[in-house]
Number of protein chains: 4
Amino acid sequence: MKTRISLPDVASEQDTRGVALHAVGIRELRLPVTLRTPTNATQQVVAVADLSVDIEAEQRGAHMSRLVATLYEWASTPRTPAEVKALLETTRDRLGSRAAQLQMRFHYFMEVPAPVTHTLGWLDVETAWECKLNNGASFAVSYFVFPAMTLCPCSKAISEYGAHNQRALVRLWLYTKDKLPRLPDEYLPLVQASASSLDYPVLKRPDEKFVTEHSYDNPRFVEDVAREMALRLSEREELSGFRVECESIESIHNHNAFAMYESPLRK
Amino acid sequence: MKTRISLPDVASEQDTRGVALHAVGIRELRLPVTLRTPTNATQQVVAVADLSVDIEAEQRGAHMSRLVATLYEWASTPRTPAEVKALLETTRDRLGSRAAQLQMRFHYFMEVPAPVTHTLGWLDVETAWECKLNNGASFAVSYFVFPAMTLCPCSKAISEYGAHNQRALVRLWLYTKDKLPRLPDEYLPLVQASASSLDYPVLKRPDEKFVTEHSYDNPRFVEDVAREMALRLSEREELSGFRVECESIESIHNHNAFAMYESPLRK
Amino acid sequence: MKTRISLPDVASEQDTRGVALHAVGIRELRLPVTLRTPTNATQQVVAVADLSVDIEAEQRGAHMSRLVATLYEWASTPRTPAEVKALLETTRDRLGSRAAQLQMRFHYFMEVPAPVTHTLGWLDVETAWECKLNNGASFAVSYFVFPAMTLCPCSKAISEYGAHNQRALVRLWLYTKDKLPRLPDEYLPLVQASASSLDYPVLKRPDEKFVTEHSYDNPRFVEDVAREMALRLSEREELSGFRVECESIESIHNHNAFAMYESPLRK
Amino acid sequence: MKTRISLPDVASEQDTRGVALHAVGIRELRLPVTLRTPTNATQQVVAVADLSVDIEAEQRGAHMSRLVATLYEWASTPRTPAEVKALLETTRDRLGSRAAQLQMRFHYFMEVPAPVTHTLGWLDVETAWECKLNNGASFAVSYFVFPAMTLCPCSKAISEYGAHNQRALVRLWLYTKDKLPRLPDEYLPLVQASASSLDYPVLKRPDEKFVTEHSYDNPRFVEDVAREMALRLSEREELSGFRVECESIESIHNHNAFAMYESPLRK
């Protein structure tokens, strides 16, 4: 039987094809991660992660098990979003590469009160980070999906009574100047101000009456939500750019409607 | 090199563990199938199919490639839903089993006119068949998902104006007396009569006005839709039983509401 | 403006259609739940839950917001799986119904060592509970999906060298005599003994060598895995019945193979 | 009652927020489309489409129903991939916009023979087109997912016998010089030459023996497949650029491995 010491290391072999690869790594690894939130609380999330490095033309392959080990070690203690940078630096150094990339997807819970009775509940916000560490070309994109409501201005205007409305997903892609990812907390108020209404986890009857009337008083096309969000996001100092999209799960159709705005990039 | 004739047939070996298996087969095979519709037209669908047989305790395995071949042969010519029976008989006989089962999932398109302008469009109805051929225990379940609309009676009653509404999925599981699967065509009118409104592929402004007002005039909880459907399905002579469910993609929440009714079985 | 006290309660209205409903409730509510594990540790999971009750023919609707509130309250403290029973009792009583049902889906992490180097990693096991409280007809089904490996005995037997192998999903549906749900911990060894190999989160080269040779020494059809699991599960005293399925993501095909065994029910 | 003629047209209103939108349209519309293939045959696919236009700052909204109508009309007759350009031109003109975009996703079937017995079967290739018509900035990306097989060179080298292997997805993003989308037919041979083996719809025992031995003789990391594909795609005259990725559904892990190469853009 071969002993451990003698096992060949094929990934370290010389490659002669002359093709450098931009990303080599693991994908769809599910693991628990504890995050430090903006209020310095902790929240444990279940993350699905992709972690990769670039490899030069001469190197046959990446040592995949080191990527798994690096990710586990990073996740063994509570982390702020900013500490993603440390994960990428460790990854790059341990794998002997020049660039490292992380994609991490998780559901983040925000405690949201009902509008009238203030009953608390968990609003779950789909979140994803795409972060790259690369000399002179690093970036971080934070992606959030906020559940909200659109009430159709056209339907309201043409009808004697009523107006079709529906759940709508407000998607944000945020490029931060400091190249560090963010949590969704501070962006929820922008959605609340831009859509016909926010979605709420618990609504008692007085809350439901409020949401019904408030959304009727604030009809919004997906175009309106995208524009309102664009104006509000343009004022955010921490962003070097953003994309925003509103997609409504049309109540009257079996397809959706959407509108998208992409900001120019700034320093 | 081994020649073809000499290749061992491991699946045909004797098994000594004494465990008969209820289903052995292929799953998630995607293939084109042309169906004959109730109006004797044809519609090509893209089906995802599972096909399986039972095997006795003594038999090590099933010959999976025969299942693929049988399915391809059946699908090489246009088929009525009733011809699923022939597929199951051939499968059972070719595999030398006692029972054969098919699950087939596809999107079926129905041409639906807008309510006022009568503009035509394709309503896609998610469809699945689960059919089993087994001495004395054969069955066929036809499953359909119809997109519709619910307008909340509570929201309407408690609010000065407006009412939240949303896309809702009306799901049917139909057990037919003749143990043959069905297409969704004849069940659409039941959904149209039971929900606040049907969903439509194309709506011009006069249509949108109609749907808005019609749904406001016909508020329905998911409970109401389930009950209305239950009453209508109970009158269907071709059914030996059914299950019906309405699930609404709540516009005011990030979760859904649902109601389900299950009929007693009859001969 | 209407005051809170005067808001009509449409769900409490009398229904005259004469149709009792088997399940009315909320679906796809995502929330954090902390579970007490068999070793008396705690594990926080992100659950997606459906909670419902039956309603009698005379009652127009269920109070959906009470279901959300009941679930949140239950999840506000760490819970053993057995405490699902208390959740169902509270739900039934607060909603004034006779039956209550829960479906809860989450990923559960088990710390699993690599076979040679014993490097630890998280194996994530997809888990779902379906529990019903109903006079004389209560039940609990625990559903687990274990990732494993199958190496094809036919491929090994007919080839000069090598054998195709692939990731395979071993799915268990367990019906427990005490009608309480379970966590997957104690069932992992059964999968390890039944498949060609378990899947592992981290494998260093000596581990990879072991898994490669071990799986080649233990070729298993999906039929073999289903039978091995059936024999092992039949000996479990806590079960009143079970279903087991092995589905392999065939490396040589773009479709899967599967085998299923369903036990007779016992007291 | 309001008559048709008098219905207000809210989408045509003047907007004063000063925000032009990059994309406004419909999403997830499912419809049947008949394609003319490179051999001048026809293949009907079930497409899921997003169709959108840009709108200027002054315009409140897009007329969504015109997008649906335009798509239906285009799909009412068999189409070559190149005719996507006509769809985009019509869309742009009918909506009075400067740019139009299409995303269309479908499964495309290729008839593929088994390697020894030449038994025919359908290989389904997930396909997506993203096409944009915009003065000076038009593009077309064709995306394909080919199912193939990777056999691990490291596992083969370190083990006395056997080698883990698995289904792997070879993903291509092709940017064409003529800015017209493509079908996958001509790219299949590149995958066949680059992976350890192609995946096949039907394999009889002599075929299975061949695939087992052939893949053992051609071990490939995901890195190898990405590089082999990169070399082959670099020679394609019709491309102005491409991205290629190989992702293996690791048989030994519950996560995947992947490698990605992105070409420089050329005229």
# chains A, B, ... in the order shown; residues from 1 in each chain; ligands from 1

$ residues_around --residues "Arg220 in chain C" --least-positions-apart "5" --cutoff "9 Å" --atoms "only C-alpha atoms" --output "MDAnalysis selection string"
chainID C and resid 149:153 194:196 215 225

$ write_last_selection --atoms "N, CA and C atoms" --output "CSV table (one decimal), in the first residue's frame"
chain,number,residue,atom,x,y,z
C,149,MET,N,-22.4,8.1,-2.5
C,149,MET,CA,-21.8,7.8,-3.7
C,149,MET,C,-22.2,6.4,-4.1
C,150,THR,N,-22.5,6.2,-5.4
C,150,THR,CA,-22.7,4.9,-5.9
C,150,THR,C,-21.7,4.6,-7.0
C,151,LEU,N,-21.1,3.4,-7.0
C,151,LEU,CA,-20.2,3.0,-8.1
C,151,LEU,C,-20.8,1.8,-8.8
C,152,CYS,N,-21.0,1.9,-10.1
C,152,CYS,CA,-21.8,0.9,-10.8
C,152,CYS,C,-21.2,-0.4,-10.9
C,153,PRO,N,-21.8,-1.5,-10.4
C,153,PRO,CA,-21.3,-2.9,-10.5
C,153,PRO,C,-21.2,-3.4,-11.9
C,194,SER,N,-24.4,1.4,3.6
C,194,SER,CA,-25.2,0.9,2.5
C,194,SER,C,-24.8,1.4,1.1
C,195,ALA,N,-24.2,2.6,1.1
C,195,ALA,CA,-23.7,3.1,-0.2
C,195,ALA,C,-22.3,2.7,-0.6
C,196,SER,N,-21.8,2.9,-1.8
C,196,SER,CA,-20.4,2.7,-2.1
C,196,SER,C,-19.5,3.5,-1.2
C,215,SER,N,-14.8,2.7,-2.6
C,215,SER,CA,-16.0,2.7,-3.5
C,215,SER,C,-15.8,1.7,-4.6
C,225,VAL,N,-28.4,-0.1,-2.9
C,225,VAL,CA,-28.5,0.8,-1.7
C,225,VAL,C,-29.8,0.8,-1.1

$ calpha_fit_rmsd --fixed "chain A" --moving "chain C"
0.0 Å

$ interface_residues --of "chain C" --to "chain D" --cutoff "9 Å" --atoms "only C-alpha atoms" --output "mmCIF file with C-alpha atoms, in the first residue's frame"
data_model
loop_
_atom_site.group_PDB
_atom_site.id
_atom_site.type_symbol
_atom_site.label_atom_id
_atom_site.label_comp_id
_atom_site.auth_asym_id
_atom_site.auth_seq_id
_atom_site.Cartn_x
_atom_site.Cartn_y
_atom_site.Cartn_z
ATOM 1 C CA LEU C 123 -22.124 17.580 6.030
ATOM 2 C CA ASP C 124 -25.406 19.314 5.290
ATOM 3 C CA PRO C 147 -25.402 12.756 -0.008
ATOM 4 C CA ALA C 148 -23.500 9.578 -0.858
ATOM 5 C CA MET C 149 -21.767 7.812 -3.723
ATOM 6 C CA THR C 150 -22.690 4.886 -5.939
ATOM 7 C CA LEU C 151 -20.158 2.993 -8.079
ATOM 8 C CA CYS C 154 -22.150 -3.372 -14.147
ATOM 9 C CA SER C 155 -19.623 -0.807 -15.333
ATOM 10 C CA LYS C 156 -16.955 -2.403 -13.118
ATOM 11 C CA ALA C 157 -17.741 -5.928 -14.319
ATOM 12 C CA ILE C 158 -17.754 -5.180 -18.039
ATOM 13 C CA SER C 159 -14.728 -2.854 -18.145
ATOM 14 C CA GLU C 160 -11.028 -3.689 -18.193
ATOM 15 C CA TYR C 161 -10.426 -0.889 -15.693
ATOM 16 C CA GLY C 162 -12.349 1.885 -13.984
ATOM 17 C CA ALA C 163 -16.058 2.097 -13.202
ATOM 18 C CA HIS C 164 -18.426 5.023 -13.472
ATOM 19 C CA ASN C 165 -19.533 6.466 -10.165
ATOM 20 C CA GLN C 166 -21.471 9.545 -9.047
ATOM 21 C CA ARG C 167 -23.074 11.495 -6.285
ATOM 22 C CA ALA C 168 -26.264 9.788 -5.156
ATOM 23 C CA SER C 197 -19.231 5.521 0.068
ATOM 24 C CA LEU C 198 -20.548 8.443 2.034
ATOM 25 C CA ASP C 199 -19.903 11.942 0.656
ATOM 26 C CA TYR C 200 -17.457 13.990 2.747
ATOM 27 C CA PRO C 201 -17.078 17.762 3.215
ATOM 28 C CA VAL C 202 -13.236 17.720 3.269
ATOM 29 C CA LEU C 203 -10.930 15.071 1.794
ATOM 30 C CA ARG C 205 -5.224 13.131 -0.629
ATOM 31 C CA PRO C 206 -4.983 10.079 1.694
ATOM 32 C CA GLU C 208 -9.426 10.699 -1.469
ATOM 33 C CA LYS C 209 -7.335 7.579 -2.116
ATOM 34 C CA PHE C 210 -9.353 5.720 0.524
ATOM 35 C CA VAL C 211 -12.742 6.815 -0.866
ATOM 36 C CA THR C 212 -11.708 5.950 -4.422
ATOM 37 C CA GLU C 213 -10.550 2.439 -3.520
ATOM 38 C CA SER C 215 -16.018 2.676 -3.483
ATOM 39 C CA TYR C 216 -14.349 0.486 -6.138
ATOM 40 C CA ILE C 249 -26.931 11.669 -10.588
ATOM 41 C CA GLU C 250 -25.568 9.374 -13.311
ATOM 42 C CA SER C 251 -22.121 10.505 -14.451
ATOM 43 C CA ILE C 252 -22.626 8.946 -17.900
ATOM 44 C CA HIS C 253 -26.126 10.305 -18.574
ATOM 45 C CA ASN C 254 -28.027 13.561 -18.326
ATOM 46 C CA HIS C 255 -30.764 11.801 -16.364
#

$ select_by_dssp --residues "range 123-244 of chain B" --states "helix (DSSP H, G or I)" --output "MDAnalysis selection string"
chainID B and resid 153:158 185:194 205:217 222:234

$ write_last_selection --atoms "C-alpha atoms" --output "CSV table (one decimal), in the first residue's frame"
chain,number,residue,atom,x,y,z
B,153,PRO,CA,-62.6,39.9,1.2
B,154,CYS,CA,-61.3,41.0,4.6
B,155,SER,CA,-59.1,43.7,3.1
B,156,LYS,CA,-62.0,45.0,1.1
B,157,ALA,CA,-64.4,44.9,4.1
B,158,ILE,CA,-62.1,46.8,6.5
B,185,ASP,CA,-58.7,22.1,-21.1
B,186,GLU,CA,-62.0,21.3,-19.6
B,187,TYR,CA,-61.1,22.3,-16.1
B,188,LEU,CA,-60.2,25.9,-16.9
B,189,PRO,CA,-63.8,27.1,-16.7
B,190,LEU,CA,-64.1,25.8,-13.2
B,191,VAL,CA,-61.2,27.9,-12.1
B,192,GLN,CA,-62.5,30.9,-13.9
B,193,ALA,CA,-65.8,30.6,-12.0
B,194,SER,CA,-64.2,30.0,-8.6
B,205,ARG,CA,-56.7,48.6,-21.1
B,206,PRO,CA,-60.4,47.8,-21.5
B,207,ASP,CA,-59.5,44.2,-20.4
B,208,GLU,CA,-57.5,45.4,-17.4
B,209,LYS,CA,-60.4,47.7,-16.3
B,210,PHE,CA,-62.7,44.6,-16.5
B,211,VAL,CA,-60.4,42.4,-14.5
B,212,THR,CA,-59.8,45.0,-11.9
B,213,GLU,CA,-63.5,45.7,-11.3
B,214,HIS,CA,-64.6,42.0,-11.7
B,215,SER,CA,-62.1,40.9,-9.1
B,216,TYR,CA,-63.2,43.7,-6.7
B,217,ASP,CA,-66.8,42.5,-7.2
B,222,VAL,CA,-58.1,31.0,-0.6
B,223,GLU,CA,-60.7,29.1,1.5
B,224,ASP,CA,-63.5,30.4,-0.9
B,225,VAL,CA,-61.6,29.3,-4.0
B,226,ALA,CA,-61.0,25.8,-2.5
B,227,ARG,CA,-64.7,25.4,-1.6
B,228,GLU,CA,-66.0,26.7,-4.9
B,229,MET,CA,-63.7,24.3,-6.8
B,230,ALA,CA,-64.7,21.5,-4.5
B,231,LEU,CA,-68.4,22.0,-5.3
B,232,ARG,CA,-67.7,22.1,-9.0
B,233,LEU,CA,-65.3,19.1,-9.1
B,234,SER,CA,-67.8,17.0,-7.0

$ residues_around --residues "Thr127 in chain A" --least-positions-apart "2" --cutoff "9 Å" --atoms "only C-alpha atoms" --output "ChimeraX atom specification"
/A:104-108,125,129,142-145,183-184

$ residues_around --residues "Ala99 in chain C" --least-positions-apart "6" --cutoff "8 Å" --atoms "only C-alpha atoms" --output "PDB file with N, CA and C atoms, in the first residue's frame"
ATOM      1  N   VAL C  53     -54.483  24.497   9.803  1.00  0.00           N
ATOM      2  CA  VAL C  53     -55.504  23.814  10.598  1.00  0.00           C
ATOM      3  C   VAL C  53     -56.630  23.379   9.667  1.00  0.00           C
ATOM      4  N   ASP C  54     -57.480  22.514  10.157  1.00  0.00           N
ATOM      5  CA  ASP C  54     -58.705  22.224   9.413  1.00  0.00           C
ATOM      6  C   ASP C  54     -59.762  23.251   9.825  1.00  0.00           C
ATOM      7  N   ARG C  92     -53.754  24.275  17.274  1.00  0.00           N
ATOM      8  CA  ARG C  92     -55.129  23.755  17.238  1.00  0.00           C
ATOM      9  C   ARG C  92     -56.030  24.534  18.208  1.00  0.00           C
ATOM     10  N   LYS C 132     -48.745  15.855  11.869  1.00  0.00           N
ATOM     11  CA  LYS C 132     -50.173  16.172  11.962  1.00  0.00           C
ATOM     12  C   LYS C 132     -50.709  15.743  13.312  1.00  0.00           C
ATOM     13  N   LEU C 133     -51.473  16.624  13.925  1.00  0.00           N
ATOM     14  CA  LEU C 133     -52.152  16.324  15.177  1.00  0.00           C
ATOM     15  C   LEU C 133     -53.628  16.223  14.853  1.00  0.00           C
ATOM     16  N   ASN C 134     -54.214  15.076  15.084  1.00  0.00           N
ATOM     17  CA  ASN C 134     -55.603  14.852  14.700  1.00  0.00           C
ATOM     18  C   ASN C 134     -56.097  13.674  15.521  1.00  0.00           C
ATOM     19  N   ASN C 135     -57.229  13.850  16.166  1.00  0.00           N
ATOM     20  CA  ASN C 135     -57.730  12.750  17.015  1.00  0.00           C
ATOM     21  C   ASN C 135     -57.661  11.398  16.328  1.00  0.00           C
TER      22      ASN C 135
END

$ select_by_dssp --residues "range 43-157 of chain B" --states "strand (DSSP E or B)" --output "ChimeraX atom specification"
/B:43-55,59,79,100-113,120-133,139-151

$ closest_residue --among "A:Ala47, A:Ala23, A:Leu7, A:Leu102" --to "Leu180 in chain A" --atoms "only C-alpha atoms"
A:Leu102
